[in-house]
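Visitor: My file is work-v8.pdb. It has PDB, C-alpha atoms and all ligand atoms:
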ATOM      1  CA  MET A   1     -41.950 -53.579  12.512  1.00  0.00           C
ATOM      2  CA  ASP A   2     -40.402 -50.149  12.244  1.00  0.00           C
ATOM      3  CA  ARG A   3     -39.317 -48.392  15.427  1.00  0.00           C
ATOM      4  CA  CYS A   4     -42.186 -45.942  14.937  1.00  0.00           C
ATOM      5  CA  THR A   5     -45.301 -46.401  12.808  1.00  0.00           C
ATOM      6  CA  ALA A   6     -47.727 -43.503  12.417  1.00  0.00           C
ATOM      7  CA  THR A   7     -51.308 -44.651  12.954  1.00  0.00           C
ATOM      8  CA  ALA A   8     -54.533 -42.981  11.845  1.00  0.00           C
ATOM      9  CA  HIS A   9     -57.279 -42.871  14.480  1.00  0.00           C
ATOM     10  CA  PRO A  10     -60.609 -41.042  14.252  1.00  0.00           C
ATOM     11  CA  ASN A  11     -60.404 -39.609  17.783  1.00  0.00           C
ATOM     12  CA  VAL A  12     -56.697 -39.261  18.520  1.00  0.00           C
ATOM     13  CA  GLU A  13     -54.932 -36.443  16.696  1.00  0.00           C
ATOM     14  CA  ILE A  14     -51.427 -37.758  17.059  1.00  0.00           C
ATOM     15  CA  LEU A  15     -50.842 -41.478  17.369  1.00  0.00           C
ATOM     16  CA  ALA A  16     -47.965 -43.783  16.608  1.00  0.00           C
ATOM     17  CA  GLN A  17     -47.091 -47.334  17.499  1.00  0.00           C
ATOM     18  CA  MET A  18     -43.572 -47.792  18.840  1.00  0.00           C
ATOM     19  CA  ARG A  19     -41.618 -50.999  18.754  1.00  0.00           C
ATOM     20  CA  THR A  20     -40.317 -50.878  22.340  1.00  0.00           C
ATOM     21  CA  THR A  21     -40.566 -48.919  25.579  1.00  0.00           C
ATOM     22  CA  SER A  22     -37.022 -47.674  25.004  1.00  0.00           C
ATOM     23  CA  ASP A  23     -37.993 -46.320  21.581  1.00  0.00           C
ATOM     24  CA  ALA A  24     -40.894 -44.442  23.187  1.00  0.00           C
ATOM     25  CA  LEU A  25     -38.638 -42.993  25.894  1.00  0.00           C
ATOM     26  CA  VAL A  26     -36.139 -41.761  23.311  1.00  0.00           C
ATOM     27  CA  TRP A  27     -38.989 -40.034  21.485  1.00  0.00           C
ATOM     28  CA  ALA A  28     -40.180 -38.601  24.819  1.00  0.00           C
ATOM     29  CA  LEU A  29     -36.813 -37.068  25.665  1.00  0.00           C
ATOM     30  CA  ALA A  30     -36.655 -35.315  22.300  1.00  0.00           C
ATOM     31  CA  TYR A  31     -40.183 -33.994  22.789  1.00  0.00           C
ATOM     32  CA  LEU A  32     -39.557 -32.910  26.380  1.00  0.00           C
ATOM     33  CA  GLY A  33     -36.265 -31.295  25.455  1.00  0.00           C
ATOM     34  CA  ALA A  34     -38.036 -29.158  22.889  1.00  0.00           C
ATOM     35  CA  MET A  35     -40.981 -28.260  25.129  1.00  0.00           C
ATOM     36  CA  ARG A  36     -39.464 -27.755  28.543  1.00  0.00           C
ATOM     37  CA  ARG A  37     -38.677 -24.048  28.143  1.00  0.00           C
ATOM     38  CA  LEU A  38     -42.040 -23.217  26.598  1.00  0.00           C
ATOM     39  CA  VAL A  39     -44.268 -23.968  29.595  1.00  0.00           C
ATOM     40  CA  PRO A  40     -44.253 -23.076  33.289  1.00  0.00           C
ATOM     41  CA  LYS A  41     -42.991 -25.779  35.672  1.00  0.00           C
ATOM     42  CA  PRO A  42     -42.788 -28.670  33.170  1.00  0.00           C
ATOM     43  CA  ALA A  43     -43.532 -32.110  34.610  1.00  0.00           C
ATOM     44  CA  VAL A  44     -43.948 -35.773  33.759  1.00  0.00           C
ATOM     45  CA  VAL A  45     -46.185 -38.278  35.572  1.00  0.00           C
ATOM     46  CA  LEU A  46     -45.274 -41.954  35.763  1.00  0.00           C
ATOM     47  CA  ASP A  47     -47.185 -45.022  36.909  1.00  0.00           C
ATOM     48  CA  ILE A  48     -45.287 -47.738  38.806  1.00  0.00           C
ATOM     49  CA  ASP A  49     -46.612 -51.254  38.246  1.00  0.00           C
ATOM     50  CA  GLY A  50     -46.326 -52.435  34.669  1.00  0.00           C
ATOM     51  CA  THR A  51     -44.538 -49.188  33.843  1.00  0.00           C
ATOM     52  CA  VAL A  52     -41.293 -48.544  35.735  1.00  0.00           C
ATOM     53  CA  LEU A  53     -41.516 -51.942  37.478  1.00  0.00           C
ATOM     54  CA  LYS A  54     -42.496 -55.323  36.092  1.00  0.00           C
ATOM     55  CA  ASN A  55     -43.971 -57.650  38.690  1.00  0.00           C
ATOM     56  CA  TYR A  56     -43.502 -61.389  38.716  1.00  0.00           C
ATOM     57  CA  ASP A  57     -44.585 -64.220  40.992  1.00  0.00           C
ATOM     58  CA  ASN A  58     -43.392 -64.395  44.609  1.00  0.00           C
ATOM     59  CA  ASP A  59     -43.139 -60.600  44.999  1.00  0.00           C
ATOM     60  CA  VAL A  60     -40.278 -60.365  42.517  1.00  0.00           C
ATOM     61  CA  ALA A  61     -40.148 -56.976  40.781  1.00  0.00           C
ATOM     62  CA  LYS A  62     -37.718 -55.891  38.103  1.00  0.00           C
ATOM     63  CA  CYS A  63     -36.825 -52.361  37.048  1.00  0.00           C
ATOM     64  CA  VAL A  64     -37.815 -51.579  33.471  1.00  0.00           C
ATOM     65  CA  VAL A  65     -34.767 -50.655  31.425  1.00  0.00           C
ATOM     66  CA  GLY A  66     -34.675 -47.058  30.257  1.00  0.00           C
ATOM     67  CA  PHE A  67     -36.527 -45.297  33.064  1.00  0.00           C
ATOM     68  CA  ARG A  68     -33.504 -44.483  35.197  1.00  0.00           C
ATOM     69  CA  PRO A  69     -31.719 -42.473  32.487  1.00  0.00           C
ATOM     70  CA  PHE A  70     -35.090 -41.028  31.500  1.00  0.00           C
ATOM     71  CA  VAL A  71     -35.903 -39.591  34.939  1.00  0.00           C
ATOM     72  CA  GLN A  72     -32.283 -38.548  35.396  1.00  0.00           C
ATOM     73  CA  ALA A  73     -32.413 -36.565  32.147  1.00  0.00           C
ATOM     74  CA  CYS A  74     -35.767 -35.044  33.089  1.00  0.00           C
ATOM     75  CA  SER A  75     -34.560 -33.982  36.513  1.00  0.00           C
ATOM     76  CA  TRP A  76     -31.333 -32.501  35.169  1.00  0.00           C
ATOM     77  CA  ALA A  77     -33.330 -30.604  32.523  1.00  0.00           C
ATOM     78  CA  GLY A  78     -35.599 -29.045  35.144  1.00  0.00           C
ATOM     79  CA  ILE A  79     -38.586 -31.279  34.413  1.00  0.00           C
ATOM     80  CA  ALA A  80     -40.330 -32.386  37.603  1.00  0.00           C
ATOM     81  CA  VAL A  81     -40.945 -36.132  37.890  1.00  0.00           C
ATOM     82  CA  PHE A  82     -44.076 -37.302  39.716  1.00  0.00           C
ATOM     83  CA  ILE A  83     -45.223 -40.833  40.469  1.00  0.00           C
ATOM     84  CA  VAL A  84     -48.940 -41.588  40.678  1.00  0.00           C
ATOM     85  CA  THR A  85     -49.671 -45.153  41.737  1.00  0.00           C
ATOM     86  CA  ALA A  86     -52.841 -46.953  42.753  1.00  0.00           C
ATOM     87  CA  ARG A  87     -50.916 -48.791  45.449  1.00  0.00           C
ATOM     88  CA  PRO A  88     -52.764 -48.220  48.741  1.00  0.00           C
ATOM     89  CA  ASP A  89     -51.220 -45.519  50.904  1.00  0.00           C
ATOM     90  CA  ALA A  90     -50.216 -47.085  54.198  1.00  0.00           C
ATOM     91  CA  PRO A  91     -46.936 -46.452  56.034  1.00  0.00           C
ATOM     92  CA  TYR A  92     -45.494 -49.910  55.369  1.00  0.00           C
ATOM     93  CA  ASN A  93     -46.601 -49.891  51.744  1.00  0.00           C
ATOM     94  CA  ARG A  94     -45.187 -46.405  51.168  1.00  0.00           C
ATOM     95  CA  GLN A  95     -41.807 -47.365  52.607  1.00  0.00           C
ATOM     96  CA  TRP A  96     -41.758 -50.575  50.532  1.00  0.00           C
ATOM     97  CA  THR A  97     -42.590 -48.527  47.421  1.00  0.00           C
ATOM     98  CA  VAL A  98     -39.877 -45.972  48.171  1.00  0.00           C
ATOM     99  CA  ASN A  99     -37.389 -48.802  48.658  1.00  0.00           C
ATOM    100  CA  GLN A 100     -38.334 -50.294  45.286  1.00  0.00           C
ATOM    101  CA  LEU A 101     -37.940 -46.927  43.575  1.00  0.00           C
ATOM    102  CA  LYS A 102     -34.565 -46.501  45.283  1.00  0.00           C
ATOM    103  CA  ALA A 103     -33.482 -49.951  44.142  1.00  0.00           C
ATOM    104  CA  CYS A 104     -34.277 -48.944  40.542  1.00  0.00           C
ATOM    105  CA  GLY A 105     -32.300 -45.723  40.917  1.00  0.00           C
ATOM    106  CA  LEU A 106     -35.408 -43.591  40.399  1.00  0.00           C
ATOM    107  CA  TRP A 107     -36.135 -42.156  43.811  1.00  0.00           C
ATOM    108  CA  ASP A 108     -33.481 -39.410  43.817  1.00  0.00           C
ATOM    109  CA  TYR A 109     -35.010 -37.867  40.683  1.00  0.00           C
ATOM    110  CA  ILE A 110     -38.609 -37.720  41.871  1.00  0.00           C
ATOM    111  CA  VAL A 111     -39.929 -34.451  43.307  1.00  0.00           C
ATOM    112  CA  PRO A 112     -38.776 -34.547  46.944  1.00  0.00           C
ATOM    113  CA  LYS A 113     -41.230 -35.017  49.796  1.00  0.00           C
ATOM    114  CA  ASP A 114     -44.519 -34.848  47.882  1.00  0.00           C
ATOM    115  CA  GLY A 115     -43.795 -36.305  44.459  1.00  0.00           C
ATOM    116  CA  LEU A 116     -45.201 -39.758  45.204  1.00  0.00           C
ATOM    117  CA  TYR A 117     -49.002 -39.949  45.056  1.00  0.00           C
ATOM    118  CA  MET A 118     -50.553 -43.111  46.504  1.00  0.00           C
ATOM    119  CA  ARG A 119     -54.218 -44.067  46.609  1.00  0.00           C
ATOM    120  CA  GLN A 120     -56.426 -44.045  49.685  1.00  0.00           C
ATOM    121  CA  GLU A 121     -58.270 -47.352  50.084  1.00  0.00           C
ATOM    122  CA  SER A 122     -61.614 -45.598  49.623  1.00  0.00           C
ATOM    123  CA  GLU A 123     -60.697 -44.166  46.206  1.00  0.00           C
ATOM    124  CA  ASP A 124     -61.221 -45.845  42.842  1.00  0.00           C
ATOM    125  CA  THR A 125     -58.152 -45.986  40.666  1.00  0.00           C
ATOM    126  CA  GLY A 126     -59.330 -43.916  37.684  1.00  0.00           C
ATOM    127  CA  PRO A 127     -60.687 -40.949  39.663  1.00  0.00           C
ATOM    128  CA  PHE A 128     -57.701 -41.071  42.027  1.00  0.00           C
ATOM    129  CA  LYS A 129     -55.251 -40.886  39.138  1.00  0.00           C
ATOM    130  CA  PHE A 130     -57.137 -38.072  37.422  1.00  0.00           C
ATOM    131  CA  ASN A 131     -57.519 -36.113  40.659  1.00  0.00           C
ATOM    132  CA  SER A 132     -53.810 -36.519  41.383  1.00  0.00           C
ATOM    133  CA  ARG A 133     -52.904 -35.106  37.972  1.00  0.00           C
ATOM    134  CA  GLU A 134     -55.322 -32.240  38.610  1.00  0.00           C
ATOM    135  CA  GLU A 135     -53.670 -31.588  41.971  1.00  0.00           C
ATOM    136  CA  ILE A 136     -50.255 -31.500  40.303  1.00  0.00           C
ATOM    137  CA  ARG A 137     -51.605 -29.001  37.761  1.00  0.00           C
ATOM    138  CA  GLY A 138     -53.113 -27.048  40.662  1.00  0.00           C
ATOM    139  CA  ARG A 139     -49.603 -26.735  42.074  1.00  0.00           C
ATOM    140  CA  GLY A 140     -48.679 -24.828  38.934  1.00  0.00           C
ATOM    141  CA  TYR A 141     -47.047 -27.657  36.987  1.00  0.00           C
ATOM    142  CA  THR A 142     -47.623 -28.330  33.302  1.00  0.00           C
ATOM    143  CA  ILE A 143     -47.845 -32.082  32.725  1.00  0.00           C
ATOM    144  CA  LEU A 144     -46.106 -32.454  29.379  1.00  0.00           C
ATOM    145  CA  LEU A 145     -46.235 -36.241  29.405  1.00  0.00           C
ATOM    146  CA  SER A 146     -47.932 -39.082  31.259  1.00  0.00           C
ATOM    147  CA  VAL A 147     -46.617 -42.639  31.074  1.00  0.00           C
ATOM    148  CA  GLY A 148     -48.483 -45.758  32.129  1.00  0.00           C
ATOM    149  CA  ASP A 149     -49.591 -49.243  31.160  1.00  0.00           C
ATOM    150  CA  GLN A 150     -53.315 -48.408  31.519  1.00  0.00           C
ATOM    151  CA  PHE A 151     -55.293 -45.756  29.665  1.00  0.00           C
ATOM    152  CA  LEU A 152     -56.507 -44.398  33.017  1.00  0.00           C
ATOM    153  CA  ASP A 153     -52.877 -43.553  33.830  1.00  0.00           C
ATOM    154  CA  LEU A 154     -53.046 -41.003  31.033  1.00  0.00           C
ATOM    155  CA  ALA A 155     -56.531 -39.497  30.895  1.00  0.00           C
ATOM    156  CA  ARG A 156     -59.881 -39.708  32.616  1.00  0.00           C
ATOM    157  CA  LYS A 157     -61.391 -41.525  29.643  1.00  0.00           C
ATOM    158  CA  GLN A 158     -60.073 -44.036  27.167  1.00  0.00           C
ATOM    159  CA  PRO A 159     -60.263 -42.790  23.570  1.00  0.00           C
ATOM    160  CA  LYS A 160     -63.307 -44.055  21.702  1.00  0.00           C
ATOM    161  CA  GLY A 161     -62.508 -46.780  19.224  1.00  0.00           C
ATOM    162  CA  ASP A 162     -60.456 -49.870  19.847  1.00  0.00           C
ATOM    163  CA  LEU A 163     -56.796 -49.449  20.616  1.00  0.00           C
ATOM    164  CA  ASP A 164     -54.793 -52.573  21.314  1.00  0.00           C
ATOM    165  CA  ASN A 165     -54.103 -52.641  25.061  1.00  0.00           C
ATOM    166  CA  HIS A 166     -50.857 -54.574  24.573  1.00  0.00           C
ATOM    167  CA  THR A 167     -48.998 -52.190  22.294  1.00  0.00           C
ATOM    168  CA  VAL A 168     -46.607 -49.313  22.929  1.00  0.00           C
ATOM    169  CA  TRP A 169     -48.456 -46.174  21.830  1.00  0.00           C
ATOM    170  CA  VAL A 170     -47.345 -42.577  21.837  1.00  0.00           C
ATOM    171  CA  GLY A 171     -49.774 -39.813  21.042  1.00  0.00           C
ATOM    172  CA  SER A 172     -52.326 -37.366  22.324  1.00  0.00           C
ATOM    173  CA  LEU A 173     -53.790 -39.869  24.780  1.00  0.00           C
ATOM    174  CA  GLY A 174     -53.477 -37.699  27.898  1.00  0.00           C
ATOM    175  CA  ASP A 175     -55.892 -35.318  29.596  1.00  0.00           C
ATOM    176  CA  ASN A 176     -57.218 -32.758  27.099  1.00  0.00           C
ATOM    177  CA  GLY A 177     -55.253 -34.355  24.274  1.00  0.00           C
ATOM    178  CA  SER A 178     -51.857 -33.901  25.916  1.00  0.00           C
ATOM    179  CA  LEU A 179     -49.110 -36.287  24.884  1.00  0.00           C
ATOM    180  CA  ALA A 180     -48.649 -39.595  26.602  1.00  0.00           C
ATOM    181  CA  ILE A 181     -47.023 -43.002  26.350  1.00  0.00           C
ATOM    182  CA  LYS A 182     -49.298 -46.008  26.763  1.00  0.00           C
ATOM    183  CA  LEU A 183     -47.283 -49.119  27.511  1.00  0.00           C
ATOM    184  CA  PRO A 184     -48.556 -52.679  27.090  1.00  0.00           C
ATOM    185  CA  SER A 185     -50.945 -53.569  29.924  1.00  0.00           C
ATOM    186  CA  GLU A 186     -49.440 -55.677  32.686  1.00  0.00           C
ATOM    187  CA  PHE A 187     -52.706 -57.624  32.802  1.00  0.00           C
ATOM    188  CA  PRO A 188     -53.216 -60.571  30.437  1.00  0.00           C
ATOM    189  CA  ARG A 189     -55.534 -60.115  27.488  1.00  0.00           C
ATOM    190  CA  GLY A 190     -59.122 -60.357  28.662  1.00  0.00           C
ATOM    191  CA  ASP A 191     -58.360 -59.195  32.209  1.00  0.00           C
ATOM    192  CA  THR A 192     -59.149 -55.605  33.047  1.00  0.00           C
ATOM    193  CA  PRO A 193     -58.036 -53.775  36.177  1.00  0.00           C
ATOM    194  CA  THR A 194     -60.457 -52.295  38.662  1.00  0.00           C
ATOM    195  CA  PRO A 195     -61.373 -48.847  37.322  1.00  0.00           C
TER     196      PRO A 195
HETATM  197 MG    MG A 201     -49.782 -49.894  36.015  1.00  0.00          MG
END
Translate this file's structure into structure tokens.
Ligand SMILES: [Mg+2]
Guide:
Amino acid sequence: MDRCTATAHPNVEILAQMRTTSDALVWALAYLGAMRRLVPKPAVVLDIDGTVLKNYDNDVAKCVVGFRPFVQACSWAGIAVFIVTARPDAPYNRQWTVNQLKACGLWDYIVPKDGLYMRQESEDTGPFKFNSREEIRGRGYTILLSVGDQFLDLARKQPKGDLDNHTVWVGSLGDNGSLAIKLPSEFPRGDTPTP
């Protein structure tokens, strides 16, 4: 397939299928580079599992190629990088997560001190992710782009109409039609994560 294939969808204004995650990140940097001076406090929001990290058996996790230069470029261009993950927020888990982000070379480019949002056990994933994005907006940031392997990483609701969950999409899939990258779900076909 081509690196980028425009796709018509009845409910998504802008939508294209990308061949790889790297292709989507290259597109994202061009978009962010053009937009960053046009909005107050530009920001991006990234998911962790299935997005910047791929998880394998026996607690093995691998950094996804392309995200380190991506966050580096964002940070250097004055675009704040936030992480919003459904991993439960407990001291050990937070330190383990920070260590993983450090190992991937990402941690230094994330908003210091309060750029890592983790879920309280009592919260459901979808509402937690949406509320976190709202909190970031409440801090004055403009989320130009969300990136995740689940639709709920991008917006409160999945767009109506079937979209393949195992494809790299770019388009207006974020909150209020903002732009987003939807990566292939880390869950096998047929499995759905807890909302
Ligand atoms: Mg994920």
Visitor: Ranking A:Lys182, A:Arg119, A:His166, A:Lys160 by minimum distance to A:Val147 and counting all atoms listed in the file, which one comes first?
Guide: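 Selected residue with least distance to A:Val147: A:Lys182.
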Visitor: How would you report the residues lying within 7 Å of ligand MG 201 (chain A), as a tab-separated table (two decimals) with C-alpha atoms, in the frame of the given file, if you count only C-alpha atoms and all ligand atoms?
Guide:
chain	number	residue	atom	x	y	z
A	47	ASP	CA	-47.18	-45.02	36.91
A	48	ILE	CA	-45.29	-47.74	38.81
A	49	ASP	CA	-46.61	-51.25	38.25
A	50	GLY	CA	-46.33	-52.44	34.67
A	51	THR	CA	-44.54	-49.19	33.84
A	148	GLY	CA	-48.48	-45.76	32.13
A	149	ASP	CA	-49.59	-49.24	31.16
A	150	GLN	CA	-53.32	-48.41	31.52
A	186	GLU	CA	-49.44	-55.68	32.69
Visitor: Near A:Lys157, within 10 Å and counting only C-alpha atoms, which residues show up once chain neighbours fewer than 6 positions away are dropped, as a ChimeraX atom specification?
Guide: /A:126,130,151,173-175
Visitor: Quick one: everything within 9 Å of stretch 30-37 of chain A, counting only C-alpha atoms, minus sequence neighbours fewer than 5 positions away in the same chain. Send it as a PyMOL selection string.
Guide: chain A and resi 25+42-43+74+77-79+144-145
Visitor: What does the distance between atom CA of A:Asp57 and atom CA of A:Pro188 come to in Å, to one decimal place?
Guide: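 Value for the atom CA of A:Asp57-atom CA of A:Pro188 distance: 14.1 Å.
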Visitor: Measuring atom to atom with only C-alpha atoms, identify which of A:Glu134, A:Asp89, A:Asp153, A:Asp59 is nearest to A:Met118.
Guide: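 Under the stated criterion, the closest residue is A:Asp89.
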Visitor: For atom CA of A:Val52 and atom CA of A:Ile143, determine how far apart the two atoms are, in Å to one decimal place.
Guide: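 One can read the atom CA of A:Val52 to atom CA of A:Ile143 distance as 18.0 Å.
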Visitor: Expanded to explicit residues, what is the PyMOL selection byres (((chain A and resi 14) around 9) and not hetatm) for this file, as a list in words?
Guide: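 Output from the PyMOL selection byres (((chain A and resi 14) around 9) and not hetatm), applied to this file: Ala6, Thr7, Ala8, His9, Val12, Glu13, Leu15, Ala16, Val170, Gly171, Ser172, Leu173, Gly177 and Leu179 of chain A.
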